[in-house]
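Below: coords.csv (CSV, C-alpha atoms)
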```csv
chain,number,residue,atom,x,y,z
J,1,MET,CA,175.7,93.2,198.6
J,2,ARG,CA,172.5,95.1,197.8
J,3,GLY,CA,170.5,96.9,200.4
J,4,THR,CA,171.2,97.5,204.0
J,5,ARG,CA,167.8,96.7,205.5
J,6,TYR,CA,166.7,93.3,206.6
J,7,PHE,CA,163.4,91.8,207.0
J,8,GLN,CA,162.4,88.9,209.0
J,9,PHE,CA,160.6,85.9,207.5
J,10,ALA,CA,157.8,85.1,209.9
J,11,ARG,CA,155.4,82.2,210.3
J,12,LEU,CA,155.2,79.9,207.3
J,13,LEU,CA,152.0,78.0,206.9
J,14,ALA,CA,150.9,75.8,204.0
J,15,VAL,CA,147.2,75.4,203.1
J,16,LEU,CA,146.4,71.9,202.0
J,17,SER,CA,143.1,70.6,200.6
J,18,VAL,CA,142.3,67.0,199.9
J,19,ALA,CA,139.5,66.6,197.2
J,20,GLY,CA,139.0,62.9,197.2
J,21,VAL,CA,139.7,59.6,199.0
J,22,VAL,CA,139.8,56.0,197.7
J,23,VAL,CA,141.1,52.6,199.0
J,24,SER,CA,143.5,50.8,196.7
J,25,LEU,CA,145.2,47.4,196.9
J,26,SER,CA,147.4,47.8,193.8
J,27,ALA,CA,151.2,47.3,194.0
J,28,GLN,CA,153.2,50.2,195.5
J,29,ASP,CA,155.9,52.0,193.6
J,30,ARG,CA,159.0,53.4,195.1
J,31,TYR,CA,159.9,57.1,194.8
J,32,PRO,CA,163.4,58.2,195.2
J,33,GLU,CA,164.3,60.4,198.1
J,34,PRO,CA,165.0,64.1,197.2
J,35,SER,CA,168.5,65.4,197.4
J,36,PRO,CA,169.4,67.3,200.7
J,37,PHE,CA,168.1,70.8,200.7
J,38,PRO,CA,170.9,73.4,201.3
J,39,VAL,CA,169.7,76.4,203.4
J,40,ASN,CA,171.1,79.6,202.0
J,41,SER,CA,173.7,81.1,204.2
J,42,LEU,CA,173.0,84.6,205.4
J,43,PRO,CA,175.3,87.3,204.0
J,44,GLY,CA,177.1,89.7,206.2
J,45,ASN,CA,178.7,89.5,209.6
J,46,SER,CA,176.1,91.3,211.6
J,47,LEU,CA,172.5,90.4,211.8
J,48,PRO,CA,169.6,91.4,214.0
J,49,GLU,CA,168.6,89.1,216.8
J,50,PRO,CA,166.7,86.1,215.5
J,51,MET,CA,162.9,85.9,216.0
J,52,PRO,CA,161.6,83.7,218.9
J,53,SER,CA,160.2,80.3,218.0
J,54,LEU,CA,156.7,80.3,216.6
J,55,GLN,CA,153.8,78.2,217.9
J,56,PHE,CA,151.9,76.3,215.2
J,57,ASP,CA,148.2,75.9,216.0
J,58,ASP,CA,147.2,74.0,212.9
J,59,PRO,CA,147.4,70.2,213.6
J,60,GLU,CA,147.8,69.5,209.9
J,61,VAL,CA,151.1,71.5,209.7
J,62,ARG,CA,154.4,70.5,211.3
J,63,PRO,CA,157.2,73.1,211.7
J,64,ALA,CA,160.2,71.7,209.9
J,65,GLN,CA,162.4,74.7,209.5
J,66,PHE,CA,166.1,73.7,208.8
J,67,VAL,CA,165.1,70.0,209.2
J,68,ALA,CA,166.0,67.8,206.3
J,69,PRO,CA,163.7,64.9,205.3
J,70,ALA,CA,164.4,61.6,207.1
J,71,PRO,CA,166.4,59.1,205.0
J,72,GLY,CA,165.0,55.9,203.8
J,73,PRO,CA,162.3,54.8,201.3
J,74,THR,CA,159.2,56.9,201.0
J,75,VAL,CA,156.9,53.9,200.4
J,76,PRO,CA,156.9,51.0,202.9
J,77,PRO,CA,157.6,47.6,201.3
J,78,SER,CA,154.6,45.4,200.4
J,79,ARG,CA,153.8,42.5,202.7
J,80,ALA,CA,153.0,39.0,201.5
J,81,ILE,CA,149.4,37.9,201.9
J,82,VAL,CA,149.0,34.5,203.5
J,83,ASP,CA,145.7,32.7,203.3
J,84,PRO,CA,144.7,30.2,205.9
J,85,PRO,CA,144.9,26.5,204.8
J,86,PRO,CA,141.7,25.0,203.5
J,87,PRO,CA,140.1,21.9,205.0
J,88,VAL,CA,140.2,18.6,203.1
J,89,VAL,CA,137.4,16.1,203.6
J,90,ARG,CA,137.3,12.7,201.9
J,91,ILE,CA,134.7,10.0,201.8
J,92,GLN,CA,135.1,6.2,201.4
J,93,VAL,CA,132.3,3.7,200.8
J,94,ARG,CA,132.7,0.0,201.2
J,95,VAL,CA,130.1,-2.6,200.1
J,96,PRO,CA,130.4,-6.1,198.6
J,97,ALA,CA,130.9,-6.2,194.9
J,98,ASP,CA,128.6,-9.3,194.6
J,99,SER,CA,125.7,-10.5,196.7
J,100,PRO,CA,123.3,-13.5,196.4
J,101,PRO,CA,119.6,-12.8,195.8
J,102,GLY,CA,117.5,-11.9,198.9
J,103,ASP,CA,120.5,-10.7,201.0
J,104,ASP,CA,120.6,-7.2,202.5
J,105,LEU,CA,123.5,-4.9,201.4
J,106,LYS,CA,125.7,-3.5,204.2
J,107,TYR,CA,127.5,-0.2,203.4
J,108,LEU,CA,130.3,1.3,205.5
J,109,ILE,CA,130.7,5.0,204.9
J,110,VAL,CA,133.7,6.8,206.4
J,111,VAL,CA,134.1,10.6,206.3
J,112,GLN,CA,137.5,11.9,207.3
J,113,ASN,CA,139.0,15.3,207.7
J,114,THR,CA,142.6,14.8,206.5
J,115,SER,CA,143.6,18.5,206.8
J,116,SER,CA,145.1,20.5,209.7
J,117,VAL,CA,142.0,22.7,210.1
J,118,ASP,CA,138.4,22.1,211.1
J,119,ALA,CA,135.7,21.6,208.5
J,120,HIS,CA,132.3,23.2,209.1
J,121,GLY,CA,128.9,22.3,208.0
J,122,VAL,CA,129.8,18.7,207.1
J,123,ARG,CA,126.9,16.8,205.5
J,124,VAL,CA,126.7,13.3,203.9
J,125,ARG,CA,124.0,12.6,201.2
J,126,HIS,CA,123.1,9.1,200.0
J,127,PRO,CA,120.3,9.1,197.3
J,128,LEU,CA,118.2,5.9,197.3
J,129,PRO,CA,118.0,4.3,193.9
J,130,ASP,CA,114.8,2.7,192.6
J,131,THR,CA,116.3,-0.7,193.0
J,132,ILE,CA,116.1,-0.4,196.9
J,133,GLU,CA,113.0,-1.6,198.6
J,134,MET,CA,113.7,-0.3,202.1
J,135,VAL,CA,116.2,1.0,204.6
J,136,VAL,CA,116.9,-1.7,207.2
J,137,LYS,CA,119.3,0.1,209.4
J,138,ALA,CA,121.2,3.4,209.6
J,139,THR,CA,123.7,4.1,212.4
J,140,PRO,CA,123.9,6.9,213.4
J,141,GLU,CA,120.4,7.9,212.8
J,142,ARG,CA,119.8,9.9,209.7
J,143,ASP,CA,118.8,13.6,210.0
J,144,ALA,CA,115.0,13.5,210.0
J,145,THR,CA,114.6,17.1,209.0
J,146,ARG,CA,116.8,16.8,205.9
J,147,SER,CA,116.0,13.2,204.8
J,148,ASN,CA,113.1,11.9,202.7
J,149,ASN,CA,112.0,8.8,200.8
J,150,LYS,CA,114.4,9.6,198.0
J,151,GLU,CA,117.5,10.6,200.0
J,152,LEU,CA,119.3,9.9,203.3
J,153,VAL,CA,121.1,12.8,204.9
J,154,TRP,CA,123.5,12.9,207.9
J,155,TYR,CA,124.6,16.2,209.3
J,156,PHE,CA,127.7,16.2,211.4
J,157,GLY,CA,128.3,20.0,211.8
J,158,THR,CA,132.0,20.7,212.5
J,159,LEU,CA,134.5,17.9,211.8
J,160,PRO,CA,137.7,18.6,213.7
J,161,ALA,CA,141.1,18.3,211.9
J,162,GLY,CA,142.2,14.7,211.7
J,163,LYS,CA,138.9,13.3,212.9
J,164,SER,CA,136.5,11.0,211.1
J,165,GLN,CA,132.8,9.8,211.2
J,166,SER,CA,131.5,6.4,210.3
J,167,ILE,CA,128.1,5.5,209.0
J,168,GLU,CA,126.7,1.9,208.9
J,169,LEU,CA,123.9,1.6,206.4
J,170,ILE,CA,121.9,-1.6,205.6
J,171,LEU,CA,119.6,-1.6,202.5
J,172,ARG,CA,117.3,-4.2,201.2
J,173,PRO,CA,117.2,-4.5,197.4
J,174,ARG,CA,114.1,-5.3,195.4
J,175,LYS,CA,113.6,-8.9,194.4
J,176,ASP,CA,113.8,-8.2,190.7
J,177,ALA,CA,117.0,-6.0,191.1
J,178,GLY,CA,120.0,-7.2,189.1
J,179,GLU,CA,122.4,-4.4,190.0
J,180,ILE,CA,122.5,-1.7,192.7
J,181,LYS,CA,124.3,1.5,191.9
J,182,ALA,CA,124.7,3.8,194.9
J,183,PHE,CA,126.3,7.3,195.1
J,184,THR,CA,127.3,8.9,198.3
J,185,TYR,CA,128.4,12.6,198.6
J,186,VAL,CA,130.0,14.7,201.3
J,187,GLN,CA,129.7,18.4,201.5
J,188,PHE,CA,131.2,21.0,203.8
J,189,GLU,CA,131.7,24.7,204.1
J,190,HIS,CA,134.9,26.6,203.6
J,191,GLY,CA,135.3,30.3,203.9
J,192,GLU,CA,137.5,33.2,205.0
J,193,ALA,CA,136.7,36.0,207.4
J,194,VAL,CA,138.3,39.3,206.5
J,195,THR,CA,138.0,42.8,207.9
J,196,THR,CA,138.4,46.1,206.1
J,197,ARG,CA,138.8,49.4,208.1
J,198,ILE,CA,137.6,52.5,206.4
J,199,ASN,CA,140.4,55.1,206.9
J,200,LYS,CA,140.7,58.6,205.6
J,201,PRO,CA,144.1,59.6,204.2
J,202,THR,CA,146.3,61.6,206.6
J,203,VAL,CA,148.2,64.2,204.6
J,204,LYS,CA,150.7,66.5,206.4
J,205,VAL,CA,152.8,69.3,205.1
J,206,ALA,CA,156.0,70.8,206.5
J,207,LYS,CA,157.9,73.9,205.3
J,208,GLN,CA,161.6,74.7,205.2
J,209,ALA,CA,162.9,78.3,204.7
J,210,PRO,CA,165.4,80.7,206.3
J,211,LYS,CA,164.0,82.9,209.0
J,212,GLN,CA,165.9,86.0,207.8
J,213,THR,CA,167.2,87.2,204.5
J,214,VAL,CA,168.1,90.4,202.6
J,215,ARG,CA,165.8,92.4,200.4
J,216,ASP,CA,166.2,91.6,196.7
J,217,GLU,CA,168.2,88.5,197.6
J,218,PRO,CA,166.4,85.3,196.4
J,219,TYR,CA,166.0,82.3,198.8
J,220,THR,CA,164.4,78.9,198.4
J,221,VAL,CA,161.3,77.5,200.1
J,222,ARG,CA,160.7,73.8,200.3
J,223,LEU,CA,157.3,72.2,201.0
J,224,ILE,CA,157.3,68.5,202.1
J,225,VAL,CA,153.9,66.8,201.6
J,226,GLU,CA,153.6,63.4,203.1
J,227,ASN,CA,150.7,60.8,203.3
J,228,SER,CA,151.2,59.3,206.7
J,229,GLY,CA,147.9,57.4,206.5
J,230,LYS,CA,147.2,53.8,205.4
J,231,VAL,CA,145.1,54.6,202.2
J,232,VAL,CA,145.8,56.4,199.0
J,233,ALA,CA,145.2,60.2,198.9
J,234,GLU,CA,144.0,61.5,195.5
J,235,ASN,CA,143.7,65.0,194.1
J,236,VAL,CA,145.9,66.6,196.7
J,237,ARG,CA,146.4,70.4,196.2
J,238,VAL,CA,149.1,72.5,197.8
J,239,THR,CA,148.3,76.2,197.9
J,240,GLU,CA,150.7,79.1,198.8
J,241,ASN,CA,149.7,82.7,199.2
J,242,VAL,CA,152.5,85.1,198.6
J,243,PRO,CA,152.6,89.0,198.8
J,244,ALA,CA,152.1,90.8,195.5
J,245,SER,CA,155.5,92.5,195.7
J,246,ALA,CA,157.4,89.2,195.9
J,247,GLU,CA,158.8,87.5,192.9
J,248,VAL,CA,158.2,83.7,192.8
J,249,GLU,CA,160.0,81.3,190.5
J,250,PRO,CA,158.7,77.7,190.8
J,251,ILE,CA,161.5,75.1,190.8
J,252,THR,CA,159.2,72.1,191.0
J,253,LYS,CA,157.3,71.8,187.7
J,254,GLY,CA,153.5,72.1,187.7
J,255,GLY,CA,153.1,75.3,189.7
J,256,LYS,CA,150.3,77.5,188.6
J,257,ARG,CA,149.7,81.2,189.5
J,258,THR,CA,146.3,82.6,190.3
J,259,PRO,CA,145.9,86.4,190.5
J,260,GLN,CA,144.6,87.7,193.8
J,261,GLN,CA,143.4,91.2,194.9
J,262,ASP,CA,145.9,91.2,197.7
J,263,GLY,CA,148.9,89.2,196.6
J,264,GLN,CA,149.3,86.1,194.5
J,265,GLN,CA,148.5,82.5,194.9
J,266,TRP,CA,150.5,79.5,193.7
J,267,THR,CA,149.1,75.9,193.5
J,268,TRP,CA,150.6,72.5,192.9
J,269,ASP,CA,148.4,69.5,192.2
J,270,ILE,CA,149.4,65.9,193.2
J,271,PRO,CA,147.1,63.4,191.4
J,272,LYS,CA,147.9,60.5,193.8
J,273,LEU,CA,149.9,60.1,197.0
J,274,LEU,CA,150.4,56.5,198.2
J,275,PRO,CA,150.5,55.6,201.9
J,276,GLY,CA,153.9,56.6,203.2
J,277,GLU,CA,154.8,58.5,200.1
J,278,ARG,CA,156.5,61.9,200.3
J,279,ARG,CA,156.6,64.7,197.7
J,280,VAL,CA,158.8,67.7,197.7
J,281,ILE,CA,157.9,71.1,196.2
J,282,ASP,CA,160.5,73.8,195.8
J,283,TYR,CA,160.2,77.4,194.7
J,284,ARG,CA,162.4,80.5,194.8
J,285,ILE,CA,161.1,83.8,196.2
J,286,THR,CA,162.6,87.3,196.1
J,287,ALA,CA,161.2,89.9,198.4
J,288,ARG,CA,161.2,93.5,197.0
J,289,GLU,CA,160.1,95.2,200.2
J,290,ALA,CA,161.9,95.4,203.6
J,291,LYS,CA,159.2,94.2,206.0
J,292,ASP,CA,157.9,91.1,207.7
J,293,VAL,CA,156.6,88.7,205.2
J,294,PHE,CA,153.9,86.1,206.0
J,295,VAL,CA,153.6,83.3,203.5
J,296,LEU,CA,150.5,81.1,204.0
```
What does the file become when written as structure tokens?
Amino acid sequence: MRGTRYFQFARLLAVLSVAGVVVSLSAQDRYPEPSPFPVNSLPGNSLPEPMPSLQFDDPEVRPAQFVAPAPGPTVPPSRAIVDPPPPVVRIQVRVPADSPPGDDLKYLIVVQNTSSVDAHGVRVRHPLPDTIEMVVKATPERDATRSNNKELVWYFGTLPAGKSQSIELILRPRKDAGEIKAFTYVQFEHGEAVTTRINKPTVKVAKQAPKQTVRDEPYTVRLIVENSGKVVAENVRVTENVPASAEVEPITKGGKRTPQQDGQQWTWDIPKLLPGERRVIDYRITAREAKDVFVL
């Protein structure tokens, strides 16, 4: 075993910056759970007293020393989207197929909601052909604000599920009319009300590493980055500041080193982090000085 002096590994804090936020409804992929992280055993039979527990003041960082990630899928399963049933409204028109000259024509119009949900904005239109001389009777009364000399309109508003409305209409044809063609229409509104909450991604980071180790003895640090929010987090960057005397070997690919005046900085970029997804970043560090080391 090299060296006789020990140093204590103090507070570990990861600095995380989120550059962008978007909302996505695309299908979610599953990411396999990382293998359990073995904490290096400490050499020797005699060690100094362990340091007291540290208090973390940053709400974005959870202390996770010597705590393995929880088992189970990192991405929650997708839920089926169920739309409400649409209303179905039908119209039936009954009138004699043949009539003698000079007789009035009696129409029976029935509008029925055959579905299990209410229909809203129900309206019946009956355009008047040129072969009609006058309207003899209309029960119920036509809507005066929507009707005119060319068209009769009845507005029923909401037609409950399974209910119907009947219209009795009597028209007088012109004396020279040989055939009466009538068209009757029903219209209603159907829509869906949806709500979208604008949520920011909630990204948290936890760190795992031994509290004590030996100078010149490498040990592994694990960073656990998790999106605990309900929307996708994009352009997530994890930054680690390490003393200049320490040697860092990135285990997780993608780590980049940036020279600093006092120390060195390592960054890992995560392009996209789905809701509930967890990423693990590992790197190996070797301290070359026997002193307290603060890794931020």
Exercise for review: Could you give me, as a ChimeraX atom specification, the residues within 9 Å of stretch 254-260 of chain J, counting only C-alpha atoms and dropping anything in the same chain fewer than 5 positions from it?
Suggested key: /J:241,244,265-269,283
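Atom to atom, atom CA of J:Ile270 and atom CA of J:Gly229 stand 15.9 Å apart.
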Need the shell around J:Ala161: protein/DNA/RNA residues with any atom at most 8 Å away, counting all atoms listed in the file. Skip same-chain ones fewer than 6 positions apart. Format as a PDB file with C-alpha atoms, keeping the file's coordinate frame?
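The result, stored in selection.pdb:
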```
ATOM      1  CA  PRO J  87     140.100  21.900 205.000  1.00  0.00           C
ATOM      2  CA  ASN J 113     139.000  15.300 207.700  1.00  0.00           C
ATOM      3  CA  THR J 114     142.600  14.800 206.500  1.00  0.00           C
ATOM      4  CA  SER J 115     143.600  18.500 206.800  1.00  0.00           C
ATOM      5  CA  SER J 116     145.100  20.500 209.700  1.00  0.00           C
ATOM      6  CA  VAL J 117     142.000  22.700 210.100  1.00  0.00           C
ATOM      7  CA  ASP J 118     138.400  22.100 211.100  1.00  0.00           C
ATOM      8  CA  ALA J 119     135.700  21.600 208.500  1.00  0.00           C
TER       9      ALA J 119
END
```
Point to revise | d(atom CA of J:Gln165, atom CA of J:Thr184) in Å | key: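 The value is 14.1 Å.
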**Study point:** Nearest candidate to J:Val203 (options J:Glu277, J:Gly102, J:Asp176, J:Lys253; using all atoms listed in the file)
**Key:**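 Among the listed residues, the smallest separation from J:Val203 belongs to J:Glu277.
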Check your understanding: Could you work out how far atom CA of J:Val122 lies from atom CA of J:Glu189, giving the answer in Å with one decimal?
Key -> 7.0 Å
Review point. Need the neighbours of (160.6, 79.3, 190.1): which residues are at most 12 Å away, counting all atoms listed in the file, as a PyMOL selection string?
Key: chain J and resi 218-222+246-257+266+281-286
Selection near stretch 127-143 of chain J, 7 Å with all atoms listed in the file, sequence-local residues under 2 positions removed, as a short mmCIF file (atom, residue, chain, number, x, y, z; two decimals) with C-alpha atoms, keeping the file's coordinate frame:
```cif
data_model
loop_
_atom_site.label_atom_id
_atom_site.label_comp_id
_atom_site.auth_asym_id
_atom_site.auth_seq_id
_atom_site.Cartn_x
_atom_site.Cartn_y
_atom_site.Cartn_z
CA ARG J 125 124.00 12.60 201.20
CA THR J 145 114.60 17.10 209.00
CA ARG J 146 116.80 16.80 205.90
CA SER J 147 116.00 13.20 204.80
CA LYS J 150 114.40 9.60 198.00
CA GLU J 151 117.50 10.60 200.00
CA LEU J 152 119.30 9.90 203.30
CA VAL J 153 121.10 12.80 204.90
CA TRP J 154 123.50 12.90 207.90
CA TYR J 155 124.60 16.20 209.30
CA ILE J 167 128.10 5.50 209.00
CA GLU J 168 126.70 1.90 208.90
CA LEU J 169 123.90 1.60 206.40
CA ILE J 170 121.90 -1.60 205.60
CA LEU J 171 119.60 -1.60 202.50
CA ARG J 172 117.30 -4.20 201.20
CA PRO J 173 117.20 -4.50 197.40
CA ARG J 174 114.10 -5.30 195.40
CA ALA J 177 117.00 -6.00 191.10
CA ILE J 180 122.50 -1.70 192.70
CA ALA J 182 124.70 3.80 194.90
CA PHE J 183 126.30 7.30 195.10
#
```
Exercise for review: Considering only C-alpha atoms, return as JSON, numbers by chain whatever protein or nucleic-acid residues lie within 8 Å of J:Leu273, sequence-local ones (same chain, fewer than 6 positions apart) excluded.
Suggested key: {"J": [226, 227, 232, 233, 234, 236]}
Take the residues from that selection and put them in a file with C-alpha atoms, as a PDB file, in the coordinates of the input.
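That gives us result.pdb:
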```pdb
ATOM      1  CA  GLU J 226     153.600  63.400 203.100  1.00  0.00           C
ATOM      2  CA  ASN J 227     150.700  60.800 203.300  1.00  0.00           C
ATOM      3  CA  VAL J 232     145.800  56.400 199.000  1.00  0.00           C
ATOM      4  CA  ALA J 233     145.200  60.200 198.900  1.00  0.00           C
ATOM      5  CA  GLU J 234     144.000  61.500 195.500  1.00  0.00           C
ATOM      6  CA  VAL J 236     145.900  66.600 196.700  1.00  0.00           C
TER       7      VAL J 236
END
```
Review point. Closest to J:Pro275 among J:Ser166, J:Gln92, J:Ser228, J:Thr195, using only C-alpha atoms?
Key: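 Of J:Ser166, J:Gln92, J:Ser228, J:Thr195, the one nearest J:Pro275 is J:Ser228, counting only C-alpha atoms.
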As AutoDock Vina command-line options, please report the centre and edge lengths, rounded to one decimal in Å, of the axis-aligned box that holds all listed atoms of stretch 121-131 of chain J with 5 Å of padding on each of the six sides.
```
--center_x 122.3 --center_y 10.8 --center_z 200.3 --size_x 25.0 --size_y 33.0 --size_z 25.4
```
Practice item. Tell me which protein, DNA and RNA residues are within 8 Å of J:Gln112, counting only C-alpha atoms, leaving out same-chain ones fewer than 2 positions away, and put them as a list in words. Key: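 The neighbour list is Val89, Arg90, Ile91, Val110, Thr114, Gly162, Lys163, Ser164 and Gln165 of chain J.
Between J:Pro101 and the residues J:Gly157, J:Asn149, J:Glu179, J:Thr202, the shortest atom-to-atom distance, using all atoms listed in the file, involves J:Glu179.
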Point to revise | Nearest-residue call for J:Lys207, choices J:Val231, J:Leu274, J:Val124, J:Val238, using all atoms listed in the file | key: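 Among the listed residues, the smallest separation from J:Lys207 belongs to J:Val238.
Closest to J:Pro86 among J:Lys106, J:His190, J:Lys204, J:His120 is J:His190, based on only C-alpha atoms.
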